[in-house]
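Remarks on the structure that follows.
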Amino acid sequence: MQRRTKNCLVLIISLLSICFLHNISYGQPREILKFEADDTIEEIRGKIEHNGYNFTVDHNWVYDMPTEAKETFFRRRLPLSPRDDHFSDEIGPLAAVHLDRQLPSSFDWRNHNGHSCIGPIRDQGSCGSCYAFAACAAAEGTYNWANGLYDANCVDFSESYIIWCLGRLLEYNSHFFGCWGADYDYYELEALTVKGITSESDFPYTTSDPGSCTHWENPTTTFQSWHRITCNDIEAIKTAIMTYGVVDAAVFVTSAFQAYESRVYEDSNTSCSSDPCYYTPTNHAIALVGWDDNPPEGGGGCWILRNSWGTEWGEFGYMRIRYTSALVACEATYLVYALAPIITTGTATSVMYDSATLNGTVNPNNSSAAYYFEYGKTTDYGSTTTSQNAGSGGDNVLVSAGIDGLTANTTYHCRLISENKFGVTYGGDKTFNTPSAPPTATTGSATSVAYTSATLDGTVNPNTESTTYYFEYGKTTDYGSTTTSQNAGSGTDDVSVTAEISGFSSSTTYHFRLVATSSAGTTNGDDKTFTTSSGGGGGGCFIATAVYGSPMHPHVEALREFRDRYLLATTPGKEFVEFYYNCSPPISDFIAKHNFLKVMVRCSLLPIAGFCYASLHFGMTNAGIILFLVFVLSVIFFRAFLKTLYSRK
């Protein structure tokens, strides 16, 4: 009984303990224990476990360094006189790249397309010269990438030139020198853009002050510029690494950082708390050569940090560190050896309702650059022109691209984009408006074609603008005659249109086309032809049948001209002509079978042809007078002839 009671008490106490521990673990946030300077390895490991971190530590030469030596070893500091020029907060050319560039989930300059663009790990020894090693790592990675150097061909710059030559110059001496460290203003990078740097082979690394610099005549490499990266802007730091090369940065080294052995380091020093933020206290300069968003250990992304403590420290001289741990993202900077293109989106020209020409300027920045335009109805664009080559010079190049298939009466957005190996540059957004489309005009066919008339048809689409139309017609493509202008409305559908025309010559080919006009422009339809009915050689016009092949045939033209000028100019005349042509075919067929009828028609046409000829040359009134006089004279002559004839009898 006592044993059972004891077991129950043990069970109750165990349950209470589990609940208590559960409340500690899940009911309240876990207190993060900070790493202290005098932590032992065992204490560091205990804090790692307590904090839920996942990296290992052990003794190494830096961790085991005496406290007094560490005070001179970690010598990064605030500047005596903080600089106030634009390098203090200017992100530089990265601003035009990092918001749009697509970044992979991992990147590493130690293995870029199967090659390393950074040399082997270096060891600064006990000298507080980390600033020179971080600057050289950034310079080497940037230069190698810019010049396509890798593996055994990687450049190796001289840290000693920075610490013992550049550091002696008056303009830099208060900011960095020798083994006495450097301040937060990165004048060591500034010196690389003004004085340049020589190679390791010209001035090998030494921790001993030579007393003076004897290497001023050595060949040097000068960089174009250096720039800060916005504090804790992880995407911008990634883009700078991928676009320009290795990044120079700084960290706050704790006891755990010193003792780091492997896996992904992290601590609670993540906030860039100073003003400006890049003056947040740090004590060691390093370089970043890549990143991994999904390390095998999990827990979030990490940088690939390059240190200068030899290959016995960390993962063969490298550390994987969470993106904001140890203040690593507070003071990142990058060098520029060559730049991404400089571009300007211009104004669209030759803007039509369905096409335009996009324009701009590209400065390739001395590296082969390509360009193209994006365009669309919104700033999402959606369409691009074909990529073109802008050359590899250092001057502005005028570029353009024609686009078509646009929608009429619409606002379009466009921008120029150019890329070289150092980055992509996006031009500013520009807009242009396409005008309304002119109407469409489709010439149809000629129907009801008779000897002197026809009906012309076609279709017109006003395309939203008030539109009128007419037909042009004539014996050539110069046309010469038009129908009366008519209204086709202002809709968006095809409208069928027609026009009845008369006054044609028989047996004649005519050209015609439909013309549509609105405020957006004029559209000419295609040229079409038709041929009026013929009356010659049997069938059709009986006059033509009667005179066909006779000496009188050429004089029938006077009858046609008289018809066109006088008869078709009046309604009665038109009706007479139509009546004549409607009745003529059967008469023509009958005359064609009897030659004597042809002779009679020819004789009867003589005075009519004469009258028509006189009308065309002297006017109808005068022709009537002439005909009357001829008739009177003929009567007088005929009577005189008869009288003479009877007097002889």
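Just remember, in the structure tokens the first chain shown is A, the second B, etc., residues are 1-based per chain, and ligands are 1-based in the order shown.
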List the neighbours of Asp38 in chain A out to 10 Å using only C-alpha atoms; skip same-chain residues closer than 5 positions along the sequence, and give me the result as a compact mmCIF listing (two decimals) with C-alpha atoms, in the first residue's frame.
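Okay, this is what ended up in out01.txt:
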# COMPACT_ATOMS: atom_id res chain seq x y z
CA GLU A 43 29.76 27.89 -21.63
CA ILE A 44 29.53 28.74 -25.31
CA THR A 67 42.92 39.06 -23.82
CA THR A 254 32.05 37.43 -29.90
CA SER A 255 33.69 34.54 -28.11
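With only C-alpha atoms taken into account, the protein and nucleic acid residues at most 10 Å from Asn389 in chain A (excluding it and anything under 6 positions from it in its own chain) are A:Pro364, A:Ser368, A:Ala369, A:Ala370, A:Tyr371, A:Tyr372, A:Val399, A:Ser418, A:Glu419.
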Would you list, as a ChimeraX atom specification, the residues of range 142-297 of chain A that end up in helix (DSSP H, G or I) under DSSP run on this structure's backbone?
-> /A:142-147,151-153,159-168,170-173,187-194,234-244,255-258,277-279
Tyr63 in chain A surroundings by only C-alpha atoms, 8 Å radius, close-in-sequence under 4 positions cut, as a PyMOL selection string | chain A and resi 59+255+258-259
If you run DSSP over the backbone, which residues in range 33-238 of chain A end up strand (DSSP E or B)? Put them as a PyMOL selection string.
-> chain A and resi 54-57+77+106-108+112+115+123+128+157+176+180+182-183+197+199+221+225-228
Based on the selection just made, write N, CA and C atoms of those residues as a PDB file, in the first residue's frame.
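That gives us again.pdb:
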ATOM      1  N   ASN A  54      22.601  26.028 -34.046  1.00  0.00           N
ATOM      2  CA  ASN A  54      23.007  24.768 -34.664  1.00  0.00           C
ATOM      3  C   ASN A  54      24.396  24.914 -35.278  1.00  0.00           C
ATOM      4  N   PHE A  55      25.371  25.333 -34.495  1.00  0.00           N
ATOM      5  CA  PHE A  55      26.748  25.373 -34.983  1.00  0.00           C
ATOM      6  C   PHE A  55      27.667  24.851 -33.889  1.00  0.00           C
ATOM      7  N   THR A  56      28.876  24.522 -34.281  1.00  0.00           N
ATOM      8  CA  THR A  56      29.824  23.937 -33.328  1.00  0.00           C
ATOM      9  C   THR A  56      31.005  24.878 -33.112  1.00  0.00           C
ATOM     10  N   VAL A  57      31.630  24.742 -31.950  1.00  0.00           N
ATOM     11  CA  VAL A  57      32.787  25.571 -31.596  1.00  0.00           C
ATOM     12  C   VAL A  57      33.878  24.684 -31.016  1.00  0.00           C
ATOM     13  N   ARG A  77      36.972  50.700 -35.486  1.00  0.00           N
ATOM     14  CA  ARG A  77      36.554  51.745 -34.556  1.00  0.00           C
ATOM     15  C   ARG A  77      35.771  52.841 -35.268  1.00  0.00           C
ATOM     16  N   SER A 106      20.912  30.272 -54.255  1.00  0.00           N
ATOM     17  CA  SER A 106      22.272  30.177 -53.729  1.00  0.00           C
ATOM     18  C   SER A 106      23.260  30.687 -54.775  1.00  0.00           C
ATOM     19  N   PHE A 107      24.392  31.171 -54.287  1.00  0.00           N
ATOM     20  CA  PHE A 107      25.423  31.708 -55.181  1.00  0.00           C
ATOM     21  C   PHE A 107      26.743  31.667 -54.431  1.00  0.00           C
ATOM     22  N   ASP A 108      27.840  31.370 -55.153  1.00  0.00           N
ATOM     23  CA  ASP A 108      29.136  31.226 -54.485  1.00  0.00           C
ATOM     24  C   ASP A 108      30.242  31.513 -55.495  1.00  0.00           C
ATOM     25  N   HIS A 112      31.696  29.316 -59.421  1.00  0.00           N
ATOM     26  CA  HIS A 112      30.840  30.009 -60.378  1.00  0.00           C
ATOM     27  C   HIS A 112      31.035  29.370 -61.748  1.00  0.00           C
ATOM     28  N   HIS A 115      34.066  27.222 -61.725  1.00  0.00           N
ATOM     29  CA  HIS A 115      35.378  27.836 -61.507  1.00  0.00           C
ATOM     30  C   HIS A 115      35.335  28.742 -60.281  1.00  0.00           C
ATOM     31  N   ASP A 123      45.950  34.593 -44.256  1.00  0.00           N
ATOM     32  CA  ASP A 123      46.082  34.649 -42.798  1.00  0.00           C
ATOM     33  C   ASP A 123      46.756  35.966 -42.419  1.00  0.00           C
ATOM     34  N   GLY A 128      46.512  43.591 -36.605  1.00  0.00           N
ATOM     35  CA  GLY A 128      45.131  44.062 -36.752  1.00  0.00           C
ATOM     36  C   GLY A 128      44.871  44.644 -38.134  1.00  0.00           C
ATOM     37  N   PHE A 157      46.036  40.733 -54.914  1.00  0.00           N
ATOM     38  CA  PHE A 157      46.482  42.084 -54.591  1.00  0.00           C
ATOM     39  C   PHE A 157      47.219  42.116 -53.248  1.00  0.00           C
ATOM     40  N   PHE A 176      43.219  54.623 -41.349  1.00  0.00           N
ATOM     41  CA  PHE A 176      43.759  53.261 -41.306  1.00  0.00           C
ATOM     42  C   PHE A 176      45.277  53.330 -41.435  1.00  0.00           C
ATOM     43  N   TRP A 180      47.219  48.732 -36.822  1.00  0.00           N
ATOM     44  CA  TRP A 180      46.422  49.483 -35.861  1.00  0.00           C
ATOM     45  C   TRP A 180      44.968  49.601 -36.295  1.00  0.00           C
ATOM     46  N   ALA A 182      41.330  50.020 -38.640  1.00  0.00           N
ATOM     47  CA  ALA A 182      40.717  51.049 -39.486  1.00  0.00           C
ATOM     48  C   ALA A 182      39.375  51.436 -38.891  1.00  0.00           C
ATOM     49  N   ASP A 183      38.858  52.573 -39.337  1.00  0.00           N
ATOM     50  CA  ASP A 183      37.563  53.019 -38.821  1.00  0.00           C
ATOM     51  C   ASP A 183      36.441  52.606 -39.769  1.00  0.00           C
ATOM     52  N   ILE A 197      45.937  49.824 -56.316  1.00  0.00           N
ATOM     53  CA  ILE A 197      46.620  48.814 -55.507  1.00  0.00           C
ATOM     54  C   ILE A 197      47.544  47.995 -56.391  1.00  0.00           C
ATOM     55  N   SER A 199      50.196  44.462 -56.865  1.00  0.00           N
ATOM     56  CA  SER A 199      50.004  43.019 -56.706  1.00  0.00           C
ATOM     57  C   SER A 199      50.785  42.471 -55.518  1.00  0.00           C
ATOM     58  N   THR A 221      46.345  48.823 -59.955  1.00  0.00           N
ATOM     59  CA  THR A 221      44.990  48.693 -60.515  1.00  0.00           C
ATOM     60  C   THR A 221      44.073  49.613 -59.731  1.00  0.00           C
ATOM     61  N   SER A 225      34.816  53.086 -58.373  1.00  0.00           N
ATOM     62  CA  SER A 225      34.123  53.672 -57.227  1.00  0.00           C
ATOM     63  C   SER A 225      33.837  52.594 -56.193  1.00  0.00           C
ATOM     64  N   TRP A 226      33.410  53.031 -55.009  1.00  0.00           N
ATOM     65  CA  TRP A 226      32.910  52.111 -53.993  1.00  0.00           C
ATOM     66  C   TRP A 226      31.635  52.704 -53.404  1.00  0.00           C
ATOM     67  N   HIS A 227      30.792  51.849 -52.863  1.00  0.00           N
ATOM     68  CA  HIS A 227      29.493  52.313 -52.376  1.00  0.00           C
ATOM     69  C   HIS A 227      29.041  51.454 -51.200  1.00  0.00           C
ATOM     70  N   ARG A 228      28.288  52.089 -50.300  1.00  0.00           N
ATOM     71  CA  ARG A 228      27.663  51.361 -49.209  1.00  0.00           C
ATOM     72  C   ARG A 228      26.380  50.693 -49.702  1.00  0.00           C
TER      73      ARG A 228
END
Please provide as a ChimeraX atom specification all residues within 6 Å of Val497 in chain A, with the sequence filter that same-chain residues fewer than 3 positions apart are discarded (counting only C-alpha atoms).
-> /A:457-459
Could the residues in this selection be written to a file with N, CA and C atoms, as a CSV table (one decimal), in the first residue's frame?
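File produced: part.csv:
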chain,number,residue,atom,x,y,z
A,457,ASP,N,-20.3,49.1,-105.2
A,457,ASP,CA,-20.5,48.8,-103.8
A,457,ASP,C,-19.2,48.6,-103.0
A,458,GLY,N,-19.3,48.5,-101.7
A,458,GLY,CA,-18.1,48.3,-100.8
A,458,GLY,C,-18.5,48.3,-99.4
A,459,THR,N,-17.5,48.3,-98.5
A,459,THR,CA,-17.8,48.3,-97.0
A,459,THR,C,-16.9,49.4,-96.4
